[in-house]
2 protein chains.
Amino acid sequence: MAERDFLADFAALSRIGATAGGGVHREAATAEDGAARRWLCSWFERHGLHTAVDEVGNMYGSAEWLPGAPSVLVGSHLDSQPTAGRFDGAYGVLAAVHAVAAARDAVTAGTVVPMYNLAVVNWFNEEGSRFSPSLMGSGVYVGAFDVESTLAVTDRAGVTVGEALADIGFAGTDPMPPAVSYAEIHIEQGRILQDTGTDIGIVTANWAARKYSVTVHGAQAHTGATHLADRHDALIGASRLVLAVRELAEAFEPGQLLGSVGRFTVSPNSPVVVPGTVTLAVDLRSADPDVLDKAHEQFLAVVDAVNNDGEVAVEIDSLSLRPSTRYQSSGIVLAEAAAGRAGLSSRRMSTMAGHDSVNLKDVVPTVMLFVPSDAGISHNEAEYTADQDLLNGVAMLTEVVTALLTRGSAG
Amino acid sequence: MAERDFLADFAALSRIGATAGGGVHREAATAEDGAARRWLCSWFERHGLHTAVDEVGNMYGSAEWLPGAPSVLVGSHLDSQPTAGRFDGAYGVLAAVHAVAAARDAVTAGTVVPMYNLAVVNWFNEEGSRFSPSLMGSGVYVGAFDVESTLAVTDRAGVTVGEALADIGFAGTDPMPPAVSYAEIHIEQGRILQDTGTDIGIVTANWAARKYSVTVHGAQAHTGATHLADRHDALIGASRLVLAVRELAEAFEPGQLLGSVGRFTVSPNSPVVVPGTVTLAVDLRSADPDVLDKAHEQFLAVVDAVNNDGEVAVEIDSLSLRPSTRYQSSGIVLAEAAAGRAGLSSRRMSTMAGHDSVNLKDVVPTVMLFVPSDAGISHNEAEYTADQDLLNGVAMLTEVVTALLTRGSAG
């Protein structure tokens with residue numbers, strides 16, 4: 001039975017790179033990511049999907065009926081954050097695999113007449129924890145990044161994307177299949193569906209995000225011999241920034257702005273040396289572009305204030321803006337109709353987190369779906385979505401894929 | 001000429017593990033430390049000193065006249081902090097080498113009649129940046145640490161002290177030579193000698209130090225999807241501790257208390273993950289035991305406050321106290337007389353930083369000397385002491401060593 005197969009597959013996939021705490025640790029192009037990718041290849045083979053790998057390691061499993069026609073692409077990512085949950089990304093890939101196989105079977109049985117070809121996609125390095133930036137494979141697919149410079153990006157050990165992909169056997173040469181539309185399903189990573197008892201979230205827009213790479217420059221000194229007045233302690237300046245970002249975010253109405261520092265690296269990081277340098281990654285997000293602009297101005301003022309207090313020098317090495325943009329209305333309407341056919345409740349909502357679909361919607365009509373996540377816990381081994389919610393999502397995605405495949409007639 | 005030889009030797013030693021910024025990077029038992037050690041062995045051989053290496057990698061270069069008699073030990077350490085200055089430790093070893101060779105020559109010439117044997121020592125891992133704790137080799141020598149558990153200490157890559165010493169060819173088997181007294185010279189790492197125009201500092205006591213290993217426990221979460229109210233951000237709690245330690249130190253009179261956080265490690269350290277854990281090393285020091293006790297109580301109150309604000313849980317994993325103790329008066333008087341004979345000005349002072357002599361003085365009469373350091377800059381590539389100050393120190397140490405060698409008659 002298909003539902004039991006899905007849950008068994010999900011259990012098998014979750015064992016790859018499993019952590020003691022019930023999560024997974026499968027950063028992009030590590031051995032664990034390689035193992036998950038081989039598992040997916042084997043699934044494609046066993047179920048008659050054709051495997052292809054492009055130059056930046058995006059993997060495709062396709063069914064082709066119409067030579068030369070574009071494909072309905074359906075997917076997500078198998079890579080994870082360090083000590084992460086087992087649902088983030090992996091659920092979306094496996095749901096896509098099952099939805100695509102079901103739609104292919106319907107075509108084979110003659111109950112669905114396809115207008116396009118069909119392909120599952122596992123995007124390379126959605127998470128960005130090993131290689132920066134995130135949404136890397138889909139970024140190349142949509143033309144936001146070029147192949148050459150992407151393959152040259154290095155991790156903290158100096159290994160390039162190209163080398164890492166070759167190491168795991170996924171430095172491909174296949175062309176990227178052209179898409180006519182894209183669908184993705186993901187756990188919500190928030191509490192709205194759970195709190196409102198809704199089966200499916202239909203995403204209408206992404207939150208805007210601003211990200212800053214910051215270096216705080218101080219001067220190395222002896223913790224036991226350097227008087228406080230003589231110190232330029234990079235950790236003091238960096239800690240002020242961390243707390244200022246939190247205060248700045250808390251000054252907005254609850255839910256309006258998220259402010260965080262995730263990466264924070266101290267040098268030389270010795271017990272008896274006053275830190276000389278700290279590098280940190282600051283992350284501000286809001287659904288409201290005006291709120292984000294205001295937060296941006298306030299963050300620059302915070303940087304100025306820390307710069308001017310005499311302890312350290314703060315430099316913003318790079319900053320990026322991911323604007324808030326809308327998913328196409330046609331896809332939202334299509335998804336609402338699909339939920340109705342599947343007997344599932346749904347609500348429109350925005351996504352706070354980034355997803356590969358944020359890239360894809362810039363080039364093709366895109367449907368982004370959520371299933372509930374328990375207490376909104378995310379990027380944590382305790383991430384959890386109940387089996388029935390997972391299965392509802394597969395049924396929903398199958399309806400959506402089928403509708404996209406026959407869209408020419410459906411409108 | 002001896003002075004030119006000393007400066008040439010110091011230049012040669014400074015080239016081993018040299019950094020672009022004019023410092024050295026020679027952490028304990030790394031390839032660079034091994035190279036500095038081989039350079040020292042070669043020096044011993046060329047100058048007729050007998051090389052020995054004990055089980056924890058302490059190196060000795062000895063001259064023996066009285067079989068079975070204990071030795072006057074003279075030394076410091078060749079290991080450094082990361083991207084450190086070239087004077088810290090290395091100057092003391094090289095000054096010891098030249099002082100011991102000069103005293104040995106005087107014995108050979110018949111102008112000094114020794115009561116004891118004589119040995120240079122290069123203590124293993126004074127700095128404690130790669131393997132914790134610091135003052136490791138001298139700690140084993142005085143019996144504060146045992147050999148077996150010291151050899152089993154690991155660095156952050158999981159390499160043990162025993163393995164690292166074997167890797168560089170300095171896992172020795174020679175017995176530790178018994179000492180009758182100990183002398184060490186070091187750069188001041190403070191401004192007192194420079195500000196007062198004094199040639200030599202004679203150390204009367206060490207500052208007391210309390211060190212704490214602290215873990216801040218939060219919960220990993222998504223920077224882009226987890227609402228502030230749902231967060232337990234370890235970096236927020238840890239940043240509060242960093243700033244509280246600085247505030248606590250600044251609340252004392254200037255110069256009374258040093259408070260620092262040197263090591264600070266964030267996990268999982270990914271740009272889009274709210275940190276789950278931060279480990280940090282807190283360092284409080286004072287010349288006054290009452291001030292340090294008061295600071296200790298205040299730090300525990302800070303930990304309680306951060307613990308109680310609901311964001312994180314703070315645990316003190318370990319804490320240690322290095323009490324303030326006095327160097328023996330006999331050695332201070334002996335050193336003052338030696339400065340007089342060498343025509344150098346001197347003043348009594350305490351040491352804020354720890355030195356191997358802090359260990360040695362617990363078991364034998366110990367003389368600890370300082371030469372000026374420019375602007376007190378320390379644990380920094382810009383650390384600097386002028387040639388004449390270096391040479392004054394060698395002359396001073398030679399006088400002290402000669403006096404210690406003939407102490408039976410000198411009193």
# chains A, B, ... in the order shown; residues from 1 in each chain; ligands from 1
call {"tool": "interface_residues", "arguments": {"of": "chain A", "to": "chain B", "cutoff": "6 Å", "atoms": "only C-alpha atoms", "output": "list in words"}}
result
Ser129, Gln189, Gln220, Ala221, His222, Thr223, Gly224, Ala225, Ser239, Ser260, Gly262, Arg263, Asn269, Ser270, Pro271, Val272, Val273, Val274, Pro275, Ala281, Met352, Ala353, Ser378, His379 and Asn380 of chain A
call {"tool": "residues_around", "arguments": {"residues": "stretch 2-4 of chain A", "least_positions_apart": "6", "cutoff": "9 Å", "atoms": "only C-alpha atoms", "output": "list in words"}}
result
His98, Leu391 and Val394 of chain A
call {"tool": "write_last_selection", "arguments": {"atoms": "N, CA, C and O atoms", "output": "short mmCIF file (atom, residue, chain, number, x, y, z; two decimals), in the first residue's frame"}}
result
data_model
loop_
_atom_site.label_atom_id
_atom_site.label_comp_id
_atom_site.auth_asym_id
_atom_site.auth_seq_id
_atom_site.Cartn_x
_atom_site.Cartn_y
_atom_site.Cartn_z
N HIS A 98 7.19 10.35 -4.53
CA HIS A 98 5.96 9.55 -4.52
C HIS A 98 4.87 10.19 -5.38
O HIS A 98 4.13 9.49 -6.07
N LEU A 391 1.40 12.17 5.18
CA LEU A 391 0.63 11.48 4.13
C LEU A 391 -0.36 12.44 3.46
O LEU A 391 -0.55 12.40 2.24
N VAL A 394 1.55 14.30 0.88
CA VAL A 394 1.84 13.54 -0.34
C VAL A 394 0.59 13.51 -1.23
O VAL A 394 0.68 13.71 -2.45
#
call {"tool": "residues_around", "arguments": {"residues": "stretch 37-41 of chain A", "least_positions_apart": "5", "cutoff": "8 Å", "atoms": "only C-alpha atoms", "output": "VMD selection string"}}
result
chain A and resid 13 51 61 78
call {"tool": "residues_around", "arguments": {"residues": "A:Gly68", "least_positions_apart": "6", "cutoff": "12 Å", "atoms": "only C-alpha atoms", "output": "ChimeraX atom specification"}}
result
/A:115-117,177-180
call {"tool": "residues_around", "arguments": {"residues": "A:Gly137", "least_positions_apart": "5", "cutoff": "12 Å", "atoms": "only C-alpha atoms", "output": "PDB file with N, CA and C atoms, in the first residue's frame"}}
result
ATOM      1  N   ALA A  28      25.775  19.605   2.867  1.00  0.00           N
ATOM      2  CA  ALA A  28      25.894  19.466   1.413  1.00  0.00           C
ATOM      3  C   ALA A  28      27.218  18.826   0.999  1.00  0.00           C
ATOM      4  N   ALA A  29      27.117  17.797   0.151  1.00  0.00           N
ATOM      5  CA  ALA A  29      28.283  17.143  -0.462  1.00  0.00           C
ATOM      6  C   ALA A  29      29.224  16.517   0.567  1.00  0.00           C
ATOM      7  N   VAL A  53      22.250  14.217 -13.455  1.00  0.00           N
ATOM      8  CA  VAL A  53      22.906  15.106 -12.485  1.00  0.00           C
ATOM      9  C   VAL A  53      23.548  16.246 -13.274  1.00  0.00           C
ATOM     10  N   ASP A  54      23.241  17.492 -12.900  1.00  0.00           N
ATOM     11  CA  ASP A  54      23.818  18.611 -13.648  1.00  0.00           C
ATOM     12  C   ASP A  54      25.155  19.042 -13.046  1.00  0.00           C
ATOM     13  N   GLU A  55      25.746  20.100 -13.606  1.00  0.00           N
ATOM     14  CA  GLU A  55      27.118  20.484 -13.228  1.00  0.00           C
ATOM     15  C   GLU A  55      27.267  20.938 -11.787  1.00  0.00           C
ATOM     16  N   VAL A  56      26.191  21.412 -11.164  1.00  0.00           N
ATOM     17  CA  VAL A  56      26.301  21.837  -9.765  1.00  0.00           C
ATOM     18  C   VAL A  56      25.647  20.835  -8.814  1.00  0.00           C
ATOM     19  N   GLY A  57      25.464  19.595  -9.312  1.00  0.00           N
ATOM     20  CA  GLY A  57      25.031  18.538  -8.413  1.00  0.00           C
ATOM     21  C   GLY A  57      23.537  18.464  -8.179  1.00  0.00           C
ATOM     22  N   ASN A  58      22.731  19.284  -8.879  1.00  0.00           N
ATOM     23  CA  ASN A  58      21.289  19.077  -8.795  1.00  0.00           C
ATOM     24  C   ASN A  58      20.969  17.726  -9.431  1.00  0.00           C
ATOM     25  N   MET A  59      20.116  16.938  -8.765  1.00  0.00           N
ATOM     26  CA  MET A  59      19.750  15.608  -9.269  1.00  0.00           C
ATOM     27  C   MET A  59      18.301  15.616  -9.764  1.00  0.00           C
ATOM     28  N   TYR A  60      18.076  14.938 -10.890  1.00  0.00           N
ATOM     29  CA  TYR A  60      16.739  14.863 -11.447  1.00  0.00           C
ATOM     30  C   TYR A  60      16.369  13.401 -11.665  1.00  0.00           C
ATOM     31  N   SER A  76      12.724  19.327  -3.653  1.00  0.00           N
ATOM     32  CA  SER A  76      13.203  20.060  -2.480  1.00  0.00           C
ATOM     33  C   SER A  76      14.677  19.659  -2.321  1.00  0.00           C
ATOM     34  N   HIS A  77      15.181  19.464  -1.112  1.00  0.00           N
ATOM     35  CA  HIS A  77      16.625  19.201  -0.942  1.00  0.00           C
ATOM     36  C   HIS A  77      16.872  18.134   0.124  1.00  0.00           C
ATOM     37  N   LEU A  78      17.897  17.308  -0.125  1.00  0.00           N
ATOM     38  CA  LEU A  78      18.263  16.264   0.847  1.00  0.00           C
ATOM     39  C   LEU A  78      19.345  16.729   1.824  1.00  0.00           C
ATOM     40  N   ASP A  79      20.021  17.833   1.544  1.00  0.00           N
ATOM     41  CA  ASP A  79      21.061  18.274   2.489  1.00  0.00           C
ATOM     42  C   ASP A  79      20.405  18.854   3.733  1.00  0.00           C
ATOM     43  N   VAL A 121      13.234  16.794  -8.490  1.00  0.00           N
ATOM     44  CA  VAL A 121      14.554  17.412  -8.384  1.00  0.00           C
ATOM     45  C   VAL A 121      14.994  17.433  -6.922  1.00  0.00           C
ATOM     46  N   ASN A 122      16.279  17.093  -6.692  1.00  0.00           N
ATOM     47  CA  ASN A 122      16.918  17.273  -5.394  1.00  0.00           C
ATOM     48  C   ASN A 122      17.947  18.384  -5.582  1.00  0.00           C
ATOM     49  N   TRP A 123      17.621  19.599  -5.103  1.00  0.00           N
ATOM     50  CA  TRP A 123      18.507  20.744  -5.301  1.00  0.00           C
ATOM     51  C   TRP A 123      19.762  20.615  -4.445  1.00  0.00           C
ATOM     52  N   PHE A 124      20.895  21.000  -5.015  1.00  0.00           N
ATOM     53  CA  PHE A 124      22.159  20.983  -4.261  1.00  0.00           C
ATOM     54  C   PHE A 124      22.202  22.140  -3.257  1.00  0.00           C
ATOM     55  N   ASN A 125      22.662  21.839  -2.042  1.00  0.00           N
ATOM     56  CA  ASN A 125      23.006  22.859  -1.028  1.00  0.00           C
ATOM     57  C   ASN A 125      21.944  23.935  -0.845  1.00  0.00           C
ATOM     58  N   GLU A 126      20.776  23.497  -0.412  1.00  0.00           N
ATOM     59  CA  GLU A 126      19.755  24.483  -0.056  1.00  0.00           C
ATOM     60  C   GLU A 126      20.152  25.198   1.227  1.00  0.00           C
ATOM     61  N   GLU A 127      20.792  24.463   2.151  1.00  0.00           N
ATOM     62  CA  GLU A 127      20.968  24.973   3.519  1.00  0.00           C
ATOM     63  C   GLU A 127      22.066  26.033   3.650  1.00  0.00           C
ATOM     64  N   GLY A 128      23.142  25.890   2.886  1.00  0.00           N
ATOM     65  CA  GLY A 128      24.181  26.918   2.969  1.00  0.00           C
ATOM     66  C   GLY A 128      25.027  26.875   4.224  1.00  0.00           C
ATOM     67  N   PHE A 131      28.620  25.393   2.508  1.00  0.00           N
ATOM     68  CA  PHE A 131      29.013  26.314   1.429  1.00  0.00           C
ATOM     69  C   PHE A 131      28.002  27.462   1.390  1.00  0.00           C
ATOM     70  N   SER A 132      28.491  28.689   1.414  1.00  0.00           N
ATOM     71  CA  SER A 132      27.611  29.846   1.393  1.00  0.00           C
ATOM     72  C   SER A 132      27.560  30.410  -0.027  1.00  0.00           C
ATOM     73  N   VAL A 142      18.141  28.919 -11.878  1.00  0.00           N
ATOM     74  CA  VAL A 142      17.379  30.088 -12.354  1.00  0.00           C
ATOM     75  C   VAL A 142      18.290  31.181 -12.925  1.00  0.00           C
ATOM     76  N   GLY A 143      19.608  30.958 -12.887  1.00  0.00           N
ATOM     77  CA  GLY A 143      20.526  31.919 -13.492  1.00  0.00           C
ATOM     78  C   GLY A 143      20.976  33.037 -12.557  1.00  0.00           C
ATOM     79  N   ALA A 144      20.666  32.915 -11.254  1.00  0.00           N
ATOM     80  CA  ALA A 144      21.105  33.940 -10.298  1.00  0.00           C
ATOM     81  C   ALA A 144      22.604  33.814 -10.018  1.00  0.00           C
ATOM     82  N   PHE A 145      23.133  32.590 -10.079  1.00  0.00           N
ATOM     83  CA  PHE A 145      24.578  32.343  -9.918  1.00  0.00           C
ATOM     84  C   PHE A 145      25.092  31.645 -11.170  1.00  0.00           C
ATOM     85  N   ASP A 146      26.382  31.873 -11.499  1.00  0.00           N
ATOM     86  CA  ASP A 146      26.914  31.124 -12.633  1.00  0.00           C
ATOM     87  C   ASP A 146      27.638  29.871 -12.138  1.00  0.00           C
ATOM     88  N   VAL A 147      27.739  28.895 -13.034  1.00  0.00           N
ATOM     89  CA  VAL A 147      28.266  27.582 -12.677  1.00  0.00           C
ATOM     90  C   VAL A 147      29.701  27.693 -12.177  1.00  0.00           C
ATOM     91  N   THR A 150      30.254  29.241  -8.780  1.00  0.00           N
ATOM     92  CA  THR A 150      29.629  28.395  -7.760  1.00  0.00           C
ATOM     93  C   THR A 150      30.515  27.196  -7.441  1.00  0.00           C
ATOM     94  N   LEU A 151      31.078  26.581  -8.486  1.00  0.00           N
ATOM     95  CA  LEU A 151      31.952  25.406  -8.250  1.00  0.00           C
ATOM     96  C   LEU A 151      33.219  25.790  -7.499  1.00  0.00           C
ATOM     97  N   VAL A 161      33.269  23.518  -3.877  1.00  0.00           N
ATOM     98  CA  VAL A 161      32.043  22.810  -4.242  1.00  0.00           C
ATOM     99  C   VAL A 161      32.355  21.751  -5.291  1.00  0.00           C
ATOM    100  N   LEU A 165      31.750  17.800  -4.688  1.00  0.00           N
ATOM    101  CA  LEU A 165      30.817  17.031  -5.518  1.00  0.00           C
ATOM    102  C   LEU A 165      31.523  15.848  -6.171  1.00  0.00           C
ATOM    103  N   MET A 176      20.443  20.820 -17.568  1.00  0.00           N
ATOM    104  CA  MET A 176      19.314  21.075 -16.674  1.00  0.00           C
ATOM    105  C   MET A 176      18.041  20.970 -17.489  1.00  0.00           C
ATOM    106  N   HIS A 355      13.198  29.061   0.668  1.00  0.00           N
ATOM    107  CA  HIS A 355      13.099  27.734   0.053  1.00  0.00           C
ATOM    108  C   HIS A 355      13.546  27.856  -1.386  1.00  0.00           C
ATOM    109  N   ASP A 356      13.898  26.717  -2.017  1.00  0.00           N
ATOM    110  CA  ASP A 356      14.283  26.757  -3.428  1.00  0.00           C
ATOM    111  C   ASP A 356      13.157  27.321  -4.285  1.00  0.00           C
ATOM    112  N   SER A 357      11.922  27.145  -3.837  1.00  0.00           N
ATOM    113  CA  SER A 357      10.778  27.676  -4.601  1.00  0.00           C
ATOM    114  C   SER A 357      10.831  29.203  -4.704  1.00  0.00           C
ATOM    115  N   ASN A 359      13.459  30.888  -5.385  1.00  0.00           N
ATOM    116  CA  ASN A 359      14.195  31.077  -6.639  1.00  0.00           C
ATOM    117  C   ASN A 359      13.333  30.719  -7.848  1.00  0.00           C
ATOM    118  N   LEU A 360      12.712  29.527  -7.790  1.00  0.00           N
ATOM    119  CA  LEU A 360      11.995  29.024  -8.967  1.00  0.00           C
ATOM    120  C   LEU A 360      10.852  29.940  -9.383  1.00  0.00           C
TER     121      LEU A 360
END
call {"tool": "atom_distance", "arguments": {"atom1": "atom CA of B:Ala101", "atom2": "atom CA of B:His47"}}
result
7.3 Å
call {"tool": "select_by_dssp", "arguments": {"residues": "stretch 224-353 of chain B", "states": "strand (DSSP E)", "output": "VMD selection string"}}
result
chain B and resid 258 to 267 273 to 274 277 to 286 313 to 322 346 to 351
call {"tool": "atom_distance", "arguments": {"atom1": "atom CA of A:Ile316", "atom2": "atom CA of A:Ala301"}}
result
12.3 Å
call {"tool": "residues_around", "arguments": {"residues": "A:Ala386", "least_positions_apart": "2", "cutoff": "9 Å", "atoms": "only C-alpha atoms", "output": "JSON, numbers by chain"}}
result
{"A": [372, 373, 374, 384, 388, 389, 390, 391]}
call {"tool": "atom_distance", "arguments": {"atom1": "atom CA of A:Ala342", "atom2": "atom CA of A:Tyr91"}}
result
19.1 Å
call {"tool": "closest_residue", "arguments": {"among": "A:Val363, A:Gly17, A:Val278, A:Ala234", "to": "A:Gly310", "atoms": "only C-alpha atoms"}}
result
A:Ala234
call {"tool": "closest_residue", "arguments": {"among": "A:Ser324, A:Thr402, A:Ser181, A:Ser329", "to": "A:Leu292", "atoms": "only C-alpha atoms"}}
result
A:Ser324
call {"tool": "residues_around", "arguments": {"residues": "A:Arg347", "least_positions_apart": "3", "cutoff": "12 Å", "atoms": "only C-alpha atoms", "output": "ChimeraX atom specification"}}
result
/A:192-194,196-204,332-333,335-337,339-340,344,350,369-372
call {"tool": "select_by_dssp", "arguments": {"residues": "stretch 215-377 of chain B", "states": "alpha helix (DSSP H)", "output": "PyMOL selection string"}}
result
chain B and resi 234-250+289-308+329-342+356-360
call {"tool": "decode", "arguments": {"residues": "stretch 21-39 of chain A", "atoms": "N, CA, C and O atoms", "output": "short mmCIF file (atom, residue, chain, number, x, y, z; two decimals), in the first residue's frame"}}
result
data_model
loop_
_atom_site.label_atom_id
_atom_site.label_comp_id
_atom_site.auth_asym_id
_atom_site.auth_seq_id
_atom_site.Cartn_x
_atom_site.Cartn_y
_atom_site.Cartn_z
N GLY A 21 20.16 12.05 18.63
CA GLY A 21 19.00 12.78 19.12
C GLY A 21 17.78 12.66 18.21
O GLY A 21 16.84 13.44 18.36
N GLY A 22 17.80 11.74 17.24
CA GLY A 22 16.63 11.54 16.40
C GLY A 22 16.60 12.43 15.17
O GLY A 22 15.60 12.46 14.45
N GLY A 23 17.67 13.15 14.91
CA GLY A 23 17.73 14.01 13.72
C GLY A 23 18.67 13.45 12.68
O GLY A 23 18.96 12.25 12.65
N VAL A 24 19.14 14.32 11.79
CA VAL A 24 20.13 13.93 10.79
C VAL A 24 21.20 15.01 10.71
O VAL A 24 20.98 16.15 11.11
N HIS A 25 22.35 14.63 10.20
CA HIS A 25 23.47 15.56 10.01
C HIS A 25 24.04 15.24 8.63
O HIS A 25 24.82 14.31 8.46
N ARG A 26 23.57 15.98 7.64
CA ARG A 26 23.88 15.64 6.24
C ARG A 26 24.17 16.92 5.48
O ARG A 26 23.45 17.31 4.56
N GLU A 27 25.25 17.61 5.85
CA GLU A 27 25.57 18.87 5.16
C GLU A 27 25.93 18.59 3.70
O GLU A 27 26.34 17.48 3.34
N ALA A 28 25.78 19.60 2.87
CA ALA A 28 25.89 19.47 1.41
C ALA A 28 27.22 18.83 1.00
O ALA A 28 28.29 19.26 1.43
N ALA A 29 27.12 17.80 0.15
CA ALA A 29 28.28 17.14 -0.46
C ALA A 29 29.22 16.52 0.57
O ALA A 29 30.39 16.30 0.28
N THR A 30 28.72 16.21 1.76
CA THR A 30 29.47 15.36 2.69
C THR A 30 29.16 13.91 2.35
O THR A 30 28.30 13.60 1.53
N ALA A 31 29.87 12.99 3.02
CA ALA A 31 29.64 11.55 2.79
C ALA A 31 28.18 11.19 3.03
O ALA A 31 27.59 10.39 2.30
N GLU A 32 27.57 11.83 4.05
CA GLU A 32 26.17 11.51 4.40
C GLU A 32 25.23 12.00 3.30
O GLU A 32 24.26 11.33 2.95
N ASP A 33 25.50 13.18 2.76
CA ASP A 33 24.70 13.68 1.64
C ASP A 33 24.87 12.74 0.44
O ASP A 33 23.88 12.40 -0.24
N GLY A 34 26.10 12.28 0.22
CA GLY A 34 26.35 11.33 -0.86
C GLY A 34 25.55 10.05 -0.69
O GLY A 34 24.96 9.54 -1.66
N ALA A 35 25.49 9.55 0.53
CA ALA A 35 24.74 8.31 0.79
C ALA A 35 23.24 8.53 0.53
O ALA A 35 22.57 7.67 -0.06
N ALA A 36 22.71 9.68 0.96
CA ALA A 36 21.29 9.97 0.73
C ALA A 36 21.01 10.07 -0.77
O ALA A 36 19.98 9.59 -1.28
N ARG A 37 21.97 10.68 -1.50
CA ARG A 37 21.82 10.82 -2.95
C ARG A 37 21.84 9.46 -3.65
O ARG A 37 21.06 9.22 -4.58
N ARG A 38 22.73 8.56 -3.20
CA ARG A 38 22.76 7.23 -3.81
C ARG A 38 21.47 6.47 -3.52
O ARG A 38 20.95 5.74 -4.37
N TRP A 39 20.94 6.67 -2.32
CA TRP A 39 19.66 6.05 -1.96
C TRP A 39 18.57 6.54 -2.94
O TRP A 39 17.76 5.75 -3.43
#
